[in-house]
$ cat structure_39.cif   # mmCIF, C-alpha atoms
data_run
#
loop_
_atom_site.label_atom_id
_atom_site.label_comp_id
_atom_site.auth_asym_id
_atom_site.auth_seq_id
_atom_site.Cartn_x
_atom_site.Cartn_y
_atom_site.Cartn_z
CA MET A 46 -4.64 13.70 13.18
CA VAL A 47 -1.49 13.33 15.27
CA GLU A 48 -0.50 10.57 17.60
CA GLY A 49 2.17 11.55 20.02
CA GLY A 50 3.42 14.23 17.61
CA ARG A 51 3.46 11.78 14.73
CA PRO A 52 1.02 11.93 11.79
CA HIS A 53 -1.75 9.40 12.05
CA GLY A 54 -2.20 6.77 9.42
CA ARG A 55 1.54 6.16 9.10
CA PRO A 56 2.52 2.79 10.60
CA THR A 57 5.64 2.90 12.70
CA ILE A 58 6.21 -0.84 12.50
CA GLY A 59 5.02 -3.64 10.28
CA PRO A 60 4.83 -2.93 6.54
CA VAL A 61 7.27 0.00 6.59
CA SER A 62 9.93 -1.87 8.55
CA ARG A 63 9.42 -4.92 6.35
CA VAL A 64 9.93 -2.83 3.24
CA GLY A 65 13.16 -1.42 4.65
CA LEU A 66 14.36 -4.87 5.65
CA VAL A 67 13.56 -6.31 2.23
CA SER A 68 15.34 -3.50 0.42
CA ALA A 69 18.39 -3.88 2.67
CA LEU A 70 18.55 -7.64 2.27
CA SER A 71 17.75 -7.78 -1.43
CA ARG A 72 20.36 -5.29 -2.64
CA ARG A 73 22.63 -8.26 -3.15
CA GLU A 74 19.87 -10.58 -4.38
CA ASN A 75 20.00 -9.32 -7.95
CA PRO A 76 19.74 -12.42 -10.19
CA ALA A 77 22.39 -11.17 -12.64
CA TRP A 78 24.82 -10.36 -9.84
CA GLY A 79 24.28 -13.78 -8.27
CA THR A 80 24.86 -15.57 -11.59
CA TYR A 81 28.07 -13.68 -12.33
CA ALA A 82 29.33 -14.21 -8.79
CA ARG A 83 28.69 -17.94 -8.97
CA TYR A 84 30.48 -18.25 -12.32
CA GLY A 85 33.43 -16.31 -10.95
CA VAL A 86 33.68 -18.38 -7.78
CA VAL A 87 33.37 -21.72 -9.56
CA LEU A 88 35.91 -20.76 -12.23
CA PHE A 89 38.32 -19.50 -9.58
CA LEU A 90 37.99 -22.70 -7.53
CA THR A 91 38.36 -24.77 -10.71
CA GLY A 92 41.64 -23.02 -11.48
CA THR A 93 42.74 -23.58 -7.89
CA SER A 94 41.88 -27.29 -8.16
CA VAL A 95 43.82 -27.62 -11.43
CA LEU A 96 46.87 -25.95 -9.85
CA ASN A 97 46.59 -28.19 -6.78
CA ALA A 98 46.27 -31.29 -8.96
CA GLY A 99 49.36 -30.25 -10.94
CA ALA A 100 51.32 -29.63 -7.76
CA ALA A 101 50.29 -33.04 -6.36
CA ALA A 102 51.32 -34.69 -9.67
CA ALA A 103 54.83 -33.16 -9.65
CA GLY A 104 53.98 -30.44 -12.15
CA ARG A 105 51.93 -32.52 -14.62
CA TYR A 106 48.81 -30.47 -15.33
CA VAL A 107 47.47 -32.78 -18.03
CA SER A 108 46.12 -35.56 -15.84
CA PRO A 109 42.88 -37.33 -14.93
CA ALA A 110 42.51 -34.99 -11.94
CA THR A 111 42.52 -31.95 -14.24
CA GLY A 112 39.87 -33.53 -16.46
CA ALA A 113 37.79 -34.40 -13.39
CA ALA A 114 38.05 -30.78 -12.16
CA LEU A 115 36.83 -29.43 -15.52
CA LEU A 116 33.99 -31.95 -15.66
CA CYS A 117 32.87 -31.07 -12.11
CA ALA A 118 33.01 -27.35 -12.93
CA LEU A 119 30.84 -27.94 -15.99
CA ALA A 120 28.29 -29.86 -13.90
CA LEU A 121 28.22 -27.06 -11.32
CA LEU A 122 27.68 -24.29 -13.90
CA VAL A 123 25.33 -25.84 -16.46
CA ARG A 124 21.64 -25.38 -15.71
CA GLY A 125 18.91 -27.83 -16.60
CA ILE A 126 20.70 -31.01 -15.59
CA PRO A 127 19.36 -33.14 -12.71
CA TRP A 128 20.27 -31.73 -9.30
CA TRP A 129 22.12 -34.85 -8.17
CA VAL A 130 24.65 -34.90 -11.05
CA ALA A 131 27.02 -32.25 -9.69
CA PRO A 132 27.12 -33.64 -6.11
CA ALA A 133 27.68 -37.16 -7.42
CA LEU A 134 30.53 -36.15 -9.77
CA THR A 135 32.30 -34.00 -7.17
CA THR A 136 31.95 -36.72 -4.52
CA VAL A 137 33.48 -39.35 -6.80
CA ALA A 138 36.20 -36.95 -7.94
CA VAL A 139 37.22 -36.00 -4.40
CA GLY A 140 37.00 -39.58 -3.21
CA LEU A 141 39.46 -40.63 -5.92
CA GLY A 142 41.43 -37.40 -6.50
CA GLY A 143 41.73 -36.24 -2.92
CA TRP A 144 42.27 -32.75 -1.53
CA PRO A 145 43.15 -30.96 -4.83
CA LEU A 146 39.50 -31.23 -5.92
CA LEU A 147 38.03 -30.49 -2.47
CA PRO A 148 37.00 -26.83 -3.30
CA LEU A 149 34.57 -28.08 -5.96
CA LEU A 150 32.98 -30.53 -3.52
CA LEU A 151 32.53 -27.67 -1.05
CA VAL A 152 30.53 -25.75 -3.68
CA ALA A 153 28.32 -28.79 -4.26
CA LEU A 154 27.76 -29.24 -0.51
CA LEU A 155 26.92 -25.54 -0.21
CA ASP A 156 24.33 -25.88 -2.98
CA LEU A 157 22.74 -28.94 -1.37
CA ALA A 158 22.45 -27.29 2.04
CA THR A 159 21.02 -24.12 0.45
CA ARG A 160 18.26 -26.19 -1.16
CA ARG A 161 17.38 -27.93 2.12
CA ARG A 162 19.11 -31.19 1.13
CA THR A 163 21.32 -31.26 4.18
CA ALA A 164 21.07 -35.04 4.62
CA VAL A 165 22.30 -35.57 1.06
CA ALA A 166 25.16 -33.11 1.67
CA VAL A 167 26.23 -34.97 4.81
CA GLY A 168 26.04 -38.28 2.93
CA CYS A 169 28.25 -36.94 0.10
CA ALA A 170 30.79 -35.63 2.59
CA LEU A 171 30.96 -38.95 4.44
CA ALA A 172 31.20 -40.88 1.16
CA ALA A 173 34.11 -38.75 -0.07
CA LEU A 174 35.96 -39.05 3.25
CA THR A 175 35.42 -42.81 3.37
CA ALA A 176 36.53 -43.38 -0.24
CA ASN A 177 39.66 -41.29 0.29
CA PHE A 178 40.64 -42.88 3.59
CA ALA A 179 43.26 -45.20 2.00
CA ALA A 180 44.46 -42.74 -0.68
CA PRO A 181 48.16 -41.86 -1.06
CA GLU A 182 49.45 -39.18 1.28
CA SER A 183 49.97 -36.71 -1.59
CA ILE A 184 46.21 -36.49 -2.24
CA SER A 185 44.80 -37.71 1.11
CA LEU A 186 42.09 -35.76 2.89
CA TRP A 187 43.30 -37.11 6.24
CA ARG A 188 47.02 -36.37 6.10
CA PRO A 189 48.95 -34.36 7.10
CA GLN A 190 46.01 -32.41 8.67
CA GLN A 191 43.70 -35.13 9.90
CA TYR A 192 40.62 -32.97 10.53
CA GLY A 193 41.11 -30.17 7.99
CA ALA A 194 38.85 -31.51 5.22
CA PRO A 195 35.95 -32.55 7.54
CA VAL A 196 35.97 -29.10 9.15
CA PHE A 197 35.72 -27.39 5.74
CA MET A 198 32.88 -29.70 4.74
CA VAL A 199 30.96 -28.99 7.94
CA LEU A 200 31.45 -25.25 7.46
CA ALA A 201 30.20 -25.47 3.87
CA ILE A 202 27.04 -27.27 5.01
CA ILE A 203 26.41 -24.77 7.83
CA VAL A 204 26.94 -21.73 5.59
CA GLY A 205 24.72 -23.28 2.91
CA GLY A 206 21.92 -23.79 5.42
CA TRP A 207 22.21 -20.17 6.59
CA LEU A 208 22.19 -18.83 3.02
CA GLY A 209 19.14 -20.94 2.15
CA ASN A 210 17.22 -19.67 5.18
CA ARG A 211 18.18 -16.10 4.33
CA ARG A 212 17.00 -16.43 0.73
CA ARG A 213 13.70 -17.94 1.83
CA LEU A 214 13.25 -15.14 4.37
CA VAL A 215 13.87 -12.45 1.74
CA ARG A 216 11.48 -14.17 -0.68
CA ALA A 217 8.80 -14.42 2.02
CA LEU A 218 9.26 -10.75 2.92
CA HIS A 219 9.02 -9.79 -0.75
CA ASP A 220 5.75 -11.71 -1.05
CA GLN A 221 4.39 -10.18 2.15
CA VAL A 222 5.27 -6.63 1.10
CA GLU A 223 3.67 -7.19 -2.31
CA HIS A 224 0.57 -8.54 -0.59
CA LEU A 225 0.44 -5.49 1.69
CA ARG A 226 0.89 -3.17 -1.29
CA ILE A 227 -1.97 -4.80 -3.18
CA GLU A 228 -4.16 -4.83 -0.06
CA ARG A 229 -3.55 -1.13 0.55
CA ALA A 230 -4.27 -0.30 -3.10
CA LEU A 231 -7.55 -2.22 -2.89
CA ARG A 232 -8.52 -0.48 0.35
CA GLU A 233 -7.78 2.93 -1.14
CA GLU A 234 -9.82 2.09 -4.23
CA THR A 235 -12.65 0.93 -1.98
CA ALA A 236 -12.49 4.22 -0.08
CA ARG A 237 -12.59 6.18 -3.33
CA ALA A 238 -15.55 4.16 -4.61
CA ALA A 239 -17.39 4.68 -1.31
CA GLU A 240 -16.80 8.43 -1.51
CA ARG A 241 -18.05 8.55 -5.10
CA SER A 242 -21.17 6.68 -4.02
CA ARG A 243 -21.66 9.08 -1.12
CA ILE A 244 -21.34 12.08 -3.46
CA ALA A 245 -23.87 10.57 -5.86
CA ARG A 246 -26.35 9.91 -3.05
CA GLU A 247 -26.00 13.45 -1.71
CA MET A 248 -26.41 15.02 -5.12
CA HIS A 249 -29.42 12.79 -5.71
CA ASP A 250 -31.00 14.17 -2.55
CA VAL A 251 -30.20 17.79 -3.46
CA LEU A 252 -31.39 17.58 -7.07
CA ALA A 253 -34.48 15.60 -6.14
CA HIS A 254 -35.32 18.29 -3.58
CA ARG A 255 -34.92 21.10 -6.13
CA LEU A 256 -36.90 19.30 -8.82
CA SER A 257 -39.68 18.44 -6.39
CA LEU A 258 -39.92 22.13 -5.47
CA ILE A 259 -40.22 23.05 -9.15
CA ALA A 260 -42.93 20.47 -9.69
CA LEU A 261 -44.75 21.64 -6.55
CA HIS A 262 -44.76 25.35 -7.45
CA THR A 263 -45.75 24.75 -11.07
CA GLY A 264 -48.59 22.55 -9.87
CA VAL A 265 -49.82 25.30 -7.56
CA LEU A 266 -49.71 27.82 -10.39
CA ALA A 267 -51.50 25.42 -12.74
CA THR A 268 -54.47 25.24 -10.32
CA ARG A 269 -55.02 28.96 -10.90
CA SER A 270 -55.27 28.60 -14.65
CA GLU A 271 -58.44 30.69 -14.86
CA SER A 272 -56.47 33.87 -14.16
CA LEU A 273 -53.56 33.05 -16.47
CA PRO A 274 -53.24 33.24 -20.24
CA ALA A 275 -53.60 29.98 -22.13
CA PRO A 276 -49.95 29.92 -23.39
CA VAL A 277 -48.68 30.37 -19.81
CA VAL A 278 -50.92 27.53 -18.59
CA ALA A 279 -49.58 25.30 -21.36
CA ARG A 280 -45.99 26.16 -20.49
CA LEU A 281 -46.65 25.51 -16.80
CA GLY A 282 -48.07 22.10 -17.64
CA LEU A 283 -45.05 21.32 -19.76
CA LEU A 284 -42.68 22.50 -17.00
CA ARG A 285 -44.45 20.39 -14.40
CA THR A 286 -44.44 17.30 -16.63
CA THR A 287 -40.75 17.78 -17.49
CA SER A 288 -39.66 18.27 -13.87
CA THR A 289 -41.65 15.21 -12.77
CA GLU A 290 -40.11 13.08 -15.51
CA ALA A 291 -36.63 14.42 -14.66
CA LEU A 292 -37.19 13.55 -11.01
CA SER A 293 -38.28 10.03 -11.98
CA ASP A 294 -35.25 9.58 -14.25
CA LEU A 295 -32.93 10.86 -11.53
CA ARG A 296 -34.29 8.34 -9.05
CA ASP A 297 -34.00 5.54 -11.59
CA VAL A 298 -30.37 6.38 -12.40
CA LEU A 299 -29.03 7.30 -8.96
CA GLY A 300 -31.49 5.55 -6.67
CA ALA A 301 -29.59 2.27 -7.02
CA LEU A 302 -26.61 3.90 -5.34
CA HIS A 303 -28.41 4.04 -2.01
CA ASP A 304 -26.98 1.28 0.15
CA PRO A 305 -29.87 -1.05 1.05
CA GLY A 306 -27.93 -2.30 4.06
CA ALA A 307 -27.61 1.20 5.47
CA ALA A 308 -31.36 1.64 5.84
CA ALA A 309 -31.72 -1.83 7.32
CA ALA A 310 -28.98 -1.13 9.85
CA GLY A 311 -30.57 2.16 10.86
CA THR A 312 -27.54 4.25 9.93
CA ALA A 313 -27.88 8.01 9.64
CA PRO A 314 -28.46 9.34 6.13
CA ALA A 315 -25.78 11.32 4.33
CA PRO A 316 -25.76 14.97 5.49
CA VAL A 317 -27.32 17.29 2.94
CA LEU A 318 -26.88 21.07 3.26
CA ARG A 319 -26.39 20.81 7.01
CA ASP A 320 -24.54 23.45 8.98
CA VAL A 321 -21.03 22.68 10.26
CA ARG A 322 -21.97 24.45 13.49
CA GLU A 323 -23.84 21.28 14.41
CA LEU A 324 -20.56 19.37 14.19
CA VAL A 325 -18.74 22.00 16.28
CA ASP A 326 -21.46 21.90 18.94
CA GLN A 327 -21.36 18.11 19.05
CA ALA A 328 -17.58 18.16 19.37
CA GLY A 329 -17.82 20.66 22.21
CA GLU A 330 -20.30 18.44 24.02
CA ALA A 331 -17.82 15.57 23.62
CA GLY A 332 -15.10 17.62 25.35
CA GLN A 333 -13.18 18.99 22.38
CA ARG A 334 -11.99 22.59 22.33
CA VAL A 335 -13.04 23.80 18.89
CA THR A 336 -13.04 27.36 17.55
CA LEU A 337 -14.94 28.12 14.34
CA GLU A 338 -14.34 31.08 12.05
CA VAL A 339 -16.63 31.53 9.07
CA ALA A 340 -16.16 34.04 6.27
CA GLY A 341 -18.83 34.63 3.64
CA THR A 342 -22.25 33.06 3.48
CA PRO A 343 -22.69 29.34 2.76
CA GLU A 344 -25.49 30.06 0.30
CA ARG A 345 -22.99 31.75 -2.03
CA ALA A 346 -21.20 28.42 -2.53
CA PRO A 347 -22.60 25.60 -4.68
CA ALA A 348 -24.43 22.79 -2.91
CA ALA A 349 -21.67 20.31 -3.77
CA HIS A 350 -19.13 22.60 -2.05
CA ARG A 351 -21.25 22.79 1.09
CA LEU A 352 -21.52 19.01 1.18
CA ALA A 353 -17.74 18.74 0.81
CA VAL A 354 -17.20 21.31 3.58
CA TYR A 355 -19.39 19.29 5.93
CA ARG A 356 -17.46 16.09 5.19
CA LEU A 357 -14.08 17.82 5.56
CA VAL A 358 -14.96 19.31 8.95
CA GLN A 359 -16.48 16.01 10.07
CA GLU A 360 -13.36 14.05 9.13
CA GLY A 361 -10.99 16.66 10.60
CA LEU A 362 -12.76 16.77 13.97
CA THR A 363 -13.02 12.98 14.09
CA ASN A 364 -9.30 12.52 13.43
CA ALA A 365 -8.37 15.19 15.97
CA ARG A 366 -10.58 13.52 18.57
CA LYS A 367 -9.04 10.10 17.88
CA HIS A 368 -5.37 11.10 17.76
CA ALA A 369 -5.09 14.37 19.73
CA GLY A 370 -8.18 14.57 21.90
CA ASP A 371 -6.69 17.07 24.38
CA ALA A 372 -5.42 19.50 21.71
CA PRO A 373 -7.41 22.59 20.63
CA VAL A 374 -8.80 22.55 17.09
CA ASP A 375 -9.16 25.65 14.89
CA VAL A 376 -11.62 25.49 12.00
CA ARG A 377 -11.69 28.28 9.40
CA LEU A 378 -14.19 28.36 6.54
CA ASP A 379 -14.31 30.78 3.64
CA HIS A 380 -17.21 30.25 1.28
CA GLY A 381 -15.85 32.70 -1.28
CA PRO A 382 -16.11 33.39 -4.13
CA PRO A 383 -13.78 32.80 -5.91
CA ALA A 384 -13.26 29.57 -3.98
CA THR A 385 -14.40 27.61 -0.98
CA VAL A 386 -11.52 27.23 1.48
CA VAL A 387 -11.41 24.93 4.52
CA GLU A 388 -8.58 24.92 7.08
CA ILE A 389 -8.57 22.60 10.09
CA ALA A 390 -5.58 22.66 12.43
CA ASN A 391 -4.87 21.13 15.81
CA GLY A 392 -1.86 21.37 18.10
CA ARG A 393 0.38 18.62 19.36
CA GLY A 394 -1.62 16.09 21.30
CA ALA A 395 -0.71 13.44 23.83
CA ALA A 396 -0.57 9.86 22.62
CA PRO A 397 -3.90 8.09 23.24
CA ALA A 398 -4.10 5.26 25.74
CA THR A 399 -5.19 2.86 23.02
CA SER A 400 -4.04 2.97 19.43
CA ALA A 401 -6.78 4.13 17.07
CA PRO A 402 -6.99 2.29 13.78
CA SER A 403 -5.91 4.27 10.73
CA GLY A 404 -8.67 4.61 8.18
CA PHE A 405 -8.86 5.87 4.63
CA GLY A 406 -11.02 8.96 5.20
CA LEU A 407 -8.48 11.29 3.62
CA VAL A 408 -8.37 9.10 0.52
CA GLY A 409 -12.10 9.54 0.01
CA LEU A 410 -11.93 13.27 0.75
CA ARG A 411 -9.18 13.74 -1.81
CA GLU A 412 -11.39 11.95 -4.33
CA ARG A 413 -14.32 14.25 -3.50
CA VAL A 414 -12.26 17.46 -3.64
CA ALA A 415 -10.53 16.40 -6.86
CA ALA A 416 -13.91 15.66 -8.44
CA LEU A 417 -14.85 19.30 -7.75
CA GLY A 418 -11.63 20.55 -9.34
CA GLY A 419 -9.98 21.42 -6.03
CA ARG A 420 -6.95 20.37 -4.05
CA LEU A 421 -6.55 18.90 -0.57
CA GLU A 422 -3.37 18.95 1.50
CA ALA A 423 -2.87 17.26 4.86
CA GLY A 424 0.22 16.82 6.98
CA PRO A 425 2.13 17.92 10.08
CA ASP A 426 2.83 21.61 10.62
CA GLU A 427 5.92 23.32 12.01
CA ALA A 428 4.61 23.29 15.57
CA GLY A 429 4.22 19.51 15.59
CA GLY A 430 0.47 19.52 15.09
CA TRP A 431 -1.60 18.60 12.07
CA ARG A 432 -3.18 20.76 9.39
CA LEU A 433 -5.77 19.92 6.75
CA THR A 434 -6.36 22.46 3.98
CA ALA A 435 -8.75 22.22 1.04
CA ARG A 436 -9.47 24.76 -1.68
CA VAL A 437 -12.28 24.23 -4.20
CA PRO A 438 -12.75 26.91 -6.88
CA HIS A 439 -16.27 28.02 -7.70
CA PRO A 440 -17.59 27.25 -11.19
CA THR A 441 -17.22 30.22 -13.53
CA HIS A 442 -20.19 29.51 -15.77
CA SER A 443 -22.86 30.18 -13.15
CA GLU A 444 -23.32 31.97 -9.87
CA PRO A 445 -24.91 29.98 -7.03
CA THR A 446 -28.19 31.24 -5.75
CA ALA A 447 -29.43 31.20 -2.22
CA PRO A 448 -32.14 28.68 -1.46
CA GLY A 449 -35.50 29.80 -0.26
CA PRO A 450 -36.56 29.51 3.34
CA GLU A 451 -38.65 26.44 2.59
CA GLU A 452 -35.65 24.41 1.29
CA ASN A 453 -33.02 25.38 3.87
CA GLY A 454 -32.07 22.32 5.89
CA SER A 455 -34.70 20.13 4.25
CA ARG A 456 -34.31 16.83 2.42
CA ALA A 457 -36.02 15.19 -0.54
#

$ encode --input "structure_39.cif" --output "structure tokens"
Amino acid sequence: MVEGGRPHGRPTIGPVSRVGLVSALSRRENPAWGTYARYGVVLFLTGTSVLNAGAAAAGRYVSPATGAALLCALALLVRGIPWWVAPALTTVAVGLGGWPLLPLLLVALLDLATRRRTAVAVGCALAALTANFAAPESISLWRPQQYGAPVFMVLAIIVGGWLGNRRRLVRALHDQVEHLRIERALREETARAAERSRIAREMHDVLAHRLSLIALHTGVLATRSESLPAPVVARLGLLRTTSTEALSDLRDVLGALHDPGAAAAGTAPAPVLRDVRELVDQAGEAGQRVTLEVAGTPERAPAAHRLAVYRLVQEGLTNARKHAGDAPVDVRLDHGPPATVVEIANGRGAAPATSAPSGFGLVGLRERVAALGGRLEAGPDEAGGWRLTARVPHPTHSEPTAPGPEENGSRA
């Protein structure tokens, strides 16, 4: 229920922290934003290269260097062309045109390092520096600052490698979070399906028990046919035949839901019309401090409600024992009418020595309560403990009847 004052079933690390990290990292990973930013940066650096080329050519902006800058910008922006075209063009352009076109080569080196082509990026940088070694001083990458251009190239390669690793990390985290989301959805669906199967098995046992009682009593009455009118004997025979056929049909339809592995493994059968006091007594023997308050009589509630009450108390005590074993537990039951109400509350408990795995019991219980038209709420209370509340309204079309002494606590 609670683990060190914190609701159980809520992971403090792992998937939640990964989701937060992914959302923080991916706010700037929007594809549209990245495309617009790249266009803006490349166009800005292209304009800078054209201005630098004009300044190096004594104010002549219409020159081969300007054309080379525009061609390199086009290769950097157009998608669908081979990956090596842009690095090759910018390397040749910088090798021949010198420092005015260096910003475009830095973009190409950044792209190569981002895509894990660091060796190619280093080769392009060395090729450009070697080709420009004997260039005129006005466009030289080596003069007047001898190590300026190599430093910028190295920085571009390093930043590109970091950006590539970051993008791959974000993509991997996205995939992992999506995998965890799908896995959790599948586990919740499995829990719901298991609870539906459990409900069907329990109702099979209850209905089979009632129908077998009808068949038994009508059979007893039919043996005394000599003292009964002929129409009554005929109706008794029809009632016995109908109840027997209904019992057979019920077993054919719902009998397949019994888990064959459960019987082979020797697991306990699903509880049918059992008293929650058994659970309280067992919890007390295990060392739990449990107080039980019962209002109304269980027989006034439908059988499906009593089965749900048993499962709710069972799950509540189990969770309290796992996550707050030293905390007292208060169980309050009201069998109504107009509704069956279950409240299970425990105080703040000390953190267990070993972490208990978080299951999906509440998911199945919500499915069971919702199937009965009720509502289940579970969460921490104001005192730092945990409270589970369920309310299931009674059906309005019929009033439940109390079972006879021979069917109380029995099974089909």

$ resolve_selection --input "structure_39.cif" --expression "the PyMOL selection byres ((chain A and resi 415-429) around 8)" --output "short mmCIF file (atom, residue, chain, number, x, y, z; two decimals) with C-alpha atoms, keeping the file's coordinate frame"
data_model
loop_
_atom_site.label_atom_id
_atom_site.label_comp_id
_atom_site.auth_asym_id
_atom_site.auth_seq_id
_atom_site.Cartn_x
_atom_site.Cartn_y
_atom_site.Cartn_z
CA VAL A 47 -1.49 13.33 15.27
CA GLY A 50 3.42 14.23 17.61
CA ARG A 51 3.46 11.78 14.73
CA PRO A 52 1.02 11.93 11.79
CA ALA A 349 -21.67 20.31 -3.77
CA HIS A 350 -19.13 22.60 -2.05
CA GLY A 392 -1.86 21.37 18.10
CA ARG A 393 0.38 18.62 19.36
CA LEU A 410 -11.93 13.27 0.75
CA ARG A 411 -9.18 13.74 -1.81
CA GLU A 412 -11.39 11.95 -4.33
CA ARG A 413 -14.32 14.25 -3.50
CA VAL A 414 -12.26 17.46 -3.64
CA GLY A 430 0.47 19.52 15.09
CA TRP A 431 -1.60 18.60 12.07
CA ARG A 432 -3.18 20.76 9.39
CA LEU A 433 -5.77 19.92 6.75
CA THR A 434 -6.36 22.46 3.98
CA ALA A 435 -8.75 22.22 1.04
CA ARG A 436 -9.47 24.76 -1.68
CA VAL A 437 -12.28 24.23 -4.20
CA PRO A 438 -12.75 26.91 -6.88
#

$ residues_around --input "structure_39.cif" --residues "region 114-119 of chain A" --least-positions-apart "3" --cutoff "7 Å" --atoms "all atoms listed in the file" --output "PDB file with C-alpha atoms, in the coordinates of the input"
ATOM      1  CA  VAL A  87      33.370 -21.720  -9.560  1.00  0.00           C
ATOM      2  CA  THR A  91      38.360 -24.770 -10.710  1.00  0.00           C
ATOM      3  CA  SER A  94      41.880 -27.290  -8.160  1.00  0.00           C
ATOM      4  CA  VAL A  95      43.820 -27.620 -11.430  1.00  0.00           C
ATOM      5  CA  ALA A 110      42.510 -34.990 -11.940  1.00  0.00           C
ATOM      6  CA  THR A 111      42.520 -31.950 -14.240  1.00  0.00           C
ATOM      7  CA  LEU A 122      27.680 -24.290 -13.900  1.00  0.00           C
ATOM      8  CA  VAL A 123      25.330 -25.840 -16.460  1.00  0.00           C
ATOM      9  CA  ALA A 131      27.020 -32.250  -9.690  1.00  0.00           C
ATOM     10  CA  LEU A 134      30.530 -36.150  -9.770  1.00  0.00           C
ATOM     11  CA  THR A 135      32.300 -34.000  -7.170  1.00  0.00           C
ATOM     12  CA  LEU A 146      39.500 -31.230  -5.920  1.00  0.00           C
TER      13      LEU A 146
END

$ residues_around --input "structure_39.cif" --residues "Trp128 (chain A)" --least-positions-apart "5" --cutoff "10 Å" --atoms "all atoms listed in the file" --output "ChimeraX atom specification"
/A:120-121,133,153,156-157

$ atom_distance --input "structure_39.cif" --atom1 "CA of Gly264 (chain A)" --atom2 "CA of Arg285 (chain A)"
6.5 Å

$ resolve_selection --input "structure_39.cif" --expression "the PyMOL selection byres ((chain A and resi 354) around 12)" --output "number ranges by chain"
A: 316-322, 324, 339, 343, 346-353, 355-361, 376-380, 384-389, 410, 413-414, 417, 421, 433-437

$ residues_around --input "structure_39.cif" --residues "Arg161 (chain A)" --least-positions-apart "4" --cutoff "12 Å" --atoms "all atoms listed in the file" --output "list of chain:residue names"
A:Leu154, A:Leu155, A:Asp156, A:Leu157, A:Val165, A:Ala166, A:Val167, A:Ile202, A:Ile203, A:Val204, A:Gly205, A:Gly206, A:Trp207, A:Leu208, A:Gly209, A:Asn210, A:Arg212, A:Arg213

$ closest_residue --input "structure_39.cif" --among "A:Met198, A:Leu90, A:Ala260, A:Met248" --to "Thr286 (chain A)" --atoms "only C-alpha atoms"
A:Ala260

$ atom_distance --input "structure_39.cif" --atom1 "CA of Arg211 (chain A)" --atom2 "CA of Gly92 (chain A)"
29.1 Å

$ residues_around --input "structure_39.cif" --residues "Arg237 (chain A)" --least-positions-apart "4" --cutoff "8 Å" --atoms "all atoms listed in the file" --output "JSON, numbers by chain"
{"A": [233, 241, 408, 409, 412]}

$ residues_around --input "structure_39.cif" --residues "Asp375 (chain A)" --least-positions-apart "5" --cutoff "8 Å" --atoms "only C-alpha atoms" --output "VMD selection string"
chain A and resid 335 to 337 388 to 391

$ closest_residue --input "structure_39.cif" --among "A:Val277, A:Leu231, A:Arg255, A:Ala331" --to "Ala291 (chain A)" --atoms "only C-alpha atoms"
A:Arg255

$ closest_residue --input "structure_39.cif" --among "A:Gly112, A:Gly329, A:Pro195, A:Gly79" --to "Ala172 (chain A)" --atoms "all atoms listed in the file"
A:Pro195
